[in-house]
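Novice: First the structure, which I've put down as structure tokens, then a few questions once you've had a look.
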Amino acid sequence: MVRRIDVTGTDGVRLAAWEYADPPKLREAEAAPGGVLLLHGLMGRASHWAGTARWLAERHRAVALDQRGHGRSEKPASGPFSRDAYVDDAEAALVQLGLAPAVLIGHSMGALTAWQLAARRPDLVRGLIICDMRASALGAASQREWEDWFKSWPVPFATLADVRKWFGEDDPWVERPNPARGEFFAEVMREGTDGWRPVFDRAQMLESRETWVHDAHWEELIQVRCPALVVRGQDGELGRAESQEMVRVLPRGEYAEVADAGHLVHYDQPAAWRAAIEPFLDGVLTG
């Protein structure tokens, strides 16, 4: 079972949160203190966490948030899509959903939001999982590459099969066929009169990204006081040396690596992803 819960973010932006659990388990989880908030990455949506949220919900309250500009949440034409806006939204979700003190699980941009919130509001966060997000600055060249990549998308796609093929095989950024990547992007498409287009505005995604790619985020990691697990895909965007330095900088950092996984760790290798994070979660949530 999944139910939608509406949340009001900063500046009154309407956000959609999704809770996963069968009714008896949902009642048990609601009675327990704290829970888990899952934050997707740039271009993602809450449903990307469905597999993780379902096994989490067997013992804990698990809610995934569609962040502003994504999924079923509001996409305000004038923004803002700043770091503060994303962090404020996540804070509002924790409070309004009654999840605190929560474990935050974030992928990519969602991981950055998670550790910035953990640094700002340690009273709301009891644990943190950072999935394949770098703390170093990516720079202006990276932003230009993304602009060019967005322009290369052959939208609209005629069918969802075309979406899966392009993002899983034909996209120049794909080094080898990756069906999981195709499925990931099929999840963020909607059908219109002329074919399939993304549910997000690509200009808004670039605006969101612009607010963090030019800066390093090590200082905020140092301020995270709760237990934190840094997870990288073996072939992901977060290198081993940088991830281990992140663990060293975190006051209570731990490290995990998922073999045969790229950036979309939880999509590429869901069973190995679960094995990597479940012991940490058990220790934080039940210890």
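Chain identifiers are assigned as A, B, and so on, following the order in which chains appear in the structure tokens; residues are numbered from 1 within each chain, and ligands are numbered from 1 in order of appearance.
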Could I get the residues of stretch 12-123 of chain A with an atom no further than 6 Å from an atom of stretch 207-226 of chain A, each paired with its nearest atom pair and that distance in Å to one decimal, using only C-alpha atoms, sorted by chain and residue number, as a tab-separated table?
Specialist:
```
residue	atom	partner	partner_atom	distance
A:Phe81	CA	A:Ser208	CA	5.0
A:Ser82	CA	A:Thr211	CA	5.8
A:Ala118	CA	A:Val224	CA	5.7
A:Ala119	CA	A:Val224	CA	4.6
```
Novice: With only C-alpha atoms counted and 12 Å as the cut-off, give the residues of stretch 16-114 of chain A in contact with stretch 128-140 of chain A, each with its shortest interatomic distance in Å and the pair that gives it, as CSV.
Specialist:
```
residue,atom,partner,partner_atom,distance
A:Gly35,CA,A:Leu128,CA,11.8
A:Val36,CA,A:Leu128,CA,9.6
A:Leu37,CA,A:Leu128,CA,9.9
A:Leu38,CA,A:Ile129,CA,9.5
A:Leu39,CA,A:Ile130,CA,10.1
A:His40,CA,A:Cys131,CA,9.9
A:Gly41,CA,A:Met133,CA,9.2
A:Leu42,CA,A:Met133,CA,11.1
A:Pro101,CA,A:Leu128,CA,11.1
A:Ala102,CA,A:Leu128,CA,8.6
A:Val103,CA,A:Leu128,CA,5.5
A:Leu104,CA,A:Leu128,CA,4.9
A:Ile105,CA,A:Ile129,CA,4.7
A:Gly106,CA,A:Ile130,CA,5.5
A:His107,CA,A:Cys131,CA,4.6
A:Ser108,CA,A:Met133,CA,4.5
A:Met109,CA,A:Met133,CA,6.8
A:Gly110,CA,A:Ile130,CA,8.5
A:Ala111,CA,A:Ile130,CA,5.0
A:Leu112,CA,A:Met133,CA,6.9
A:Thr113,CA,A:Ile130,CA,9.8
A:Ala114,CA,A:Leu128,CA,7.2
```
Novice: Counting only C-alpha atoms, figure out which residue out of A:Gly233, A:Gly127, A:Gly44, A:Gly79 gets nearest to A:Thr10.
Specialist: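 For A:Thr10, the nearest of the given residues is A:Gly79.
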Novice: Do a neighbour search on A:Trp196 at 7 Å with only C-alpha atoms, toss out local chain neighbours closer than 5 positions, and write the hits as an MDAnalysis selection string.
Specialist: chainID A and resid 156:159 189:191
Novice: Emit the selected residues as a short mmCIF file (atom, residue, chain, number, x, y, z; two decimals), in the first residue's frame, including N, CA, C and O atoms.
Specialist:
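Generated file (result-v2.cif):
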```
data_model
loop_
_atom_site.label_atom_id
_atom_site.label_comp_id
_atom_site.auth_asym_id
_atom_site.auth_seq_id
_atom_site.Cartn_x
_atom_site.Cartn_y
_atom_site.Cartn_z
N PRO A 156 9.93 14.88 -28.09
CA PRO A 156 9.27 13.86 -27.27
C PRO A 156 9.63 12.45 -27.75
O PRO A 156 9.90 12.23 -28.93
N PHE A 157 9.61 11.50 -26.81
CA PHE A 157 9.80 10.11 -27.16
C PHE A 157 8.48 9.53 -27.62
O PHE A 157 7.43 9.80 -27.03
N ALA A 158 8.52 8.72 -28.67
CA ALA A 158 7.27 8.17 -29.21
C ALA A 158 6.62 7.19 -28.25
O ALA A 158 5.39 7.14 -28.11
N THR A 159 7.44 6.36 -27.56
CA THR A 159 6.92 5.34 -26.65
C THR A 159 7.82 5.25 -25.42
O THR A 159 8.97 5.73 -25.43
N MET A 189 8.73 10.02 -16.83
CA MET A 189 8.12 10.51 -18.06
C MET A 189 6.59 10.49 -17.93
O MET A 189 6.03 9.69 -17.18
N ARG A 190 5.94 11.38 -18.66
CA ARG A 190 4.49 11.37 -18.74
C ARG A 190 4.08 11.53 -20.19
O ARG A 190 4.77 12.18 -21.00
N GLU A 191 2.93 10.99 -20.52
CA GLU A 191 2.47 10.98 -21.90
C GLU A 191 1.64 12.23 -22.20
O GLU A 191 0.76 12.61 -21.44
#
```
Novice: Would you please give, as a PyMOL selection string, all residues of stretch 62-240 of chain A that DSSP assigns to strand (DSSP E or B) based on the backbone?
Specialist: chain A and resi 62-66+102-107+125-131+157+189-192+195-198+228-233
Novice: Using DSSP on the backbone coordinates, identify all residues within stretch 38-225 of chain A classified as alpha helix (DSSP H); present the result as a count of residues only.
Specialist: 75
Novice: Could you tell me how far atom CA of A:Asp235 sits from atom CA of A:His263, in Å to one decimal place?
Specialist: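 Value for the atom CA of A:His263-atom CA of A:Asp235 distance: 7.0 Å.
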Novice: Considering only C-alpha atoms, return as an MDAnalysis selection string whatever protein or nucleic-acid residues lie within 8 Å of stretch 67-73 of chain A, sequence-local ones (same chain, fewer than 2 positions apart) excluded.
Specialist: chainID A and resid 13:16 39:40 43:46 65 75:76 81 86 89 188 199:201 204:205
Novice: Report, in Å with one decimal, the straight-line distance from atom CA of A:Gln116 to atom CA of A:Ile5.
Specialist: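 So the answer is 23.7 Å.
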Novice: Taking only C-alpha atoms into account, name the residue in A:Ala203, A:Ala228, A:Val95, A:Ala17 that is nearest to A:Ile277.
Specialist: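 Ranked by minimum distance to A:Ile277, first place goes to A:Ala228.
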Novice: Which residues are close to A:Asp282, i.e. within 12 Å by only C-alpha atoms, leaving aside same-chain residues fewer than 3 positions away? Reply as a list in words.
Specialist: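 Listing them by chain and then by number gives Gly35, Val36, Leu56, Arg59, His60, Val103, Gly127, Pro227, Arg274, Ala275, Ala276, Ile277, Glu278, Pro279, Leu285, Thr286 and Gly287 of chain A.
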Novice: Report as a PyMOL selection string all protein, DNA and RNA residues lying within 9 Å of A:Gly51, evaluated on only C-alpha atoms, omitting residues in the same chain fewer than 4 positions from it.
Specialist: chain A and resi 47+55-56+266-267+270
Novice: Mind pulling up the distance from atom CA of A:Thr52 to atom CA of A:Gly168?
Specialist: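 These atoms are spaced 21.8 Å apart.
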Novice: Name the closest residue to A:Asp162 among the candidates A:Glu147, A:Tyr255, A:Gly195, A:Arg176; distances are taken between atoms, counting only C-alpha atoms.
Specialist: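 Distance minimum relative to A:Asp162 lands on A:Gly195.
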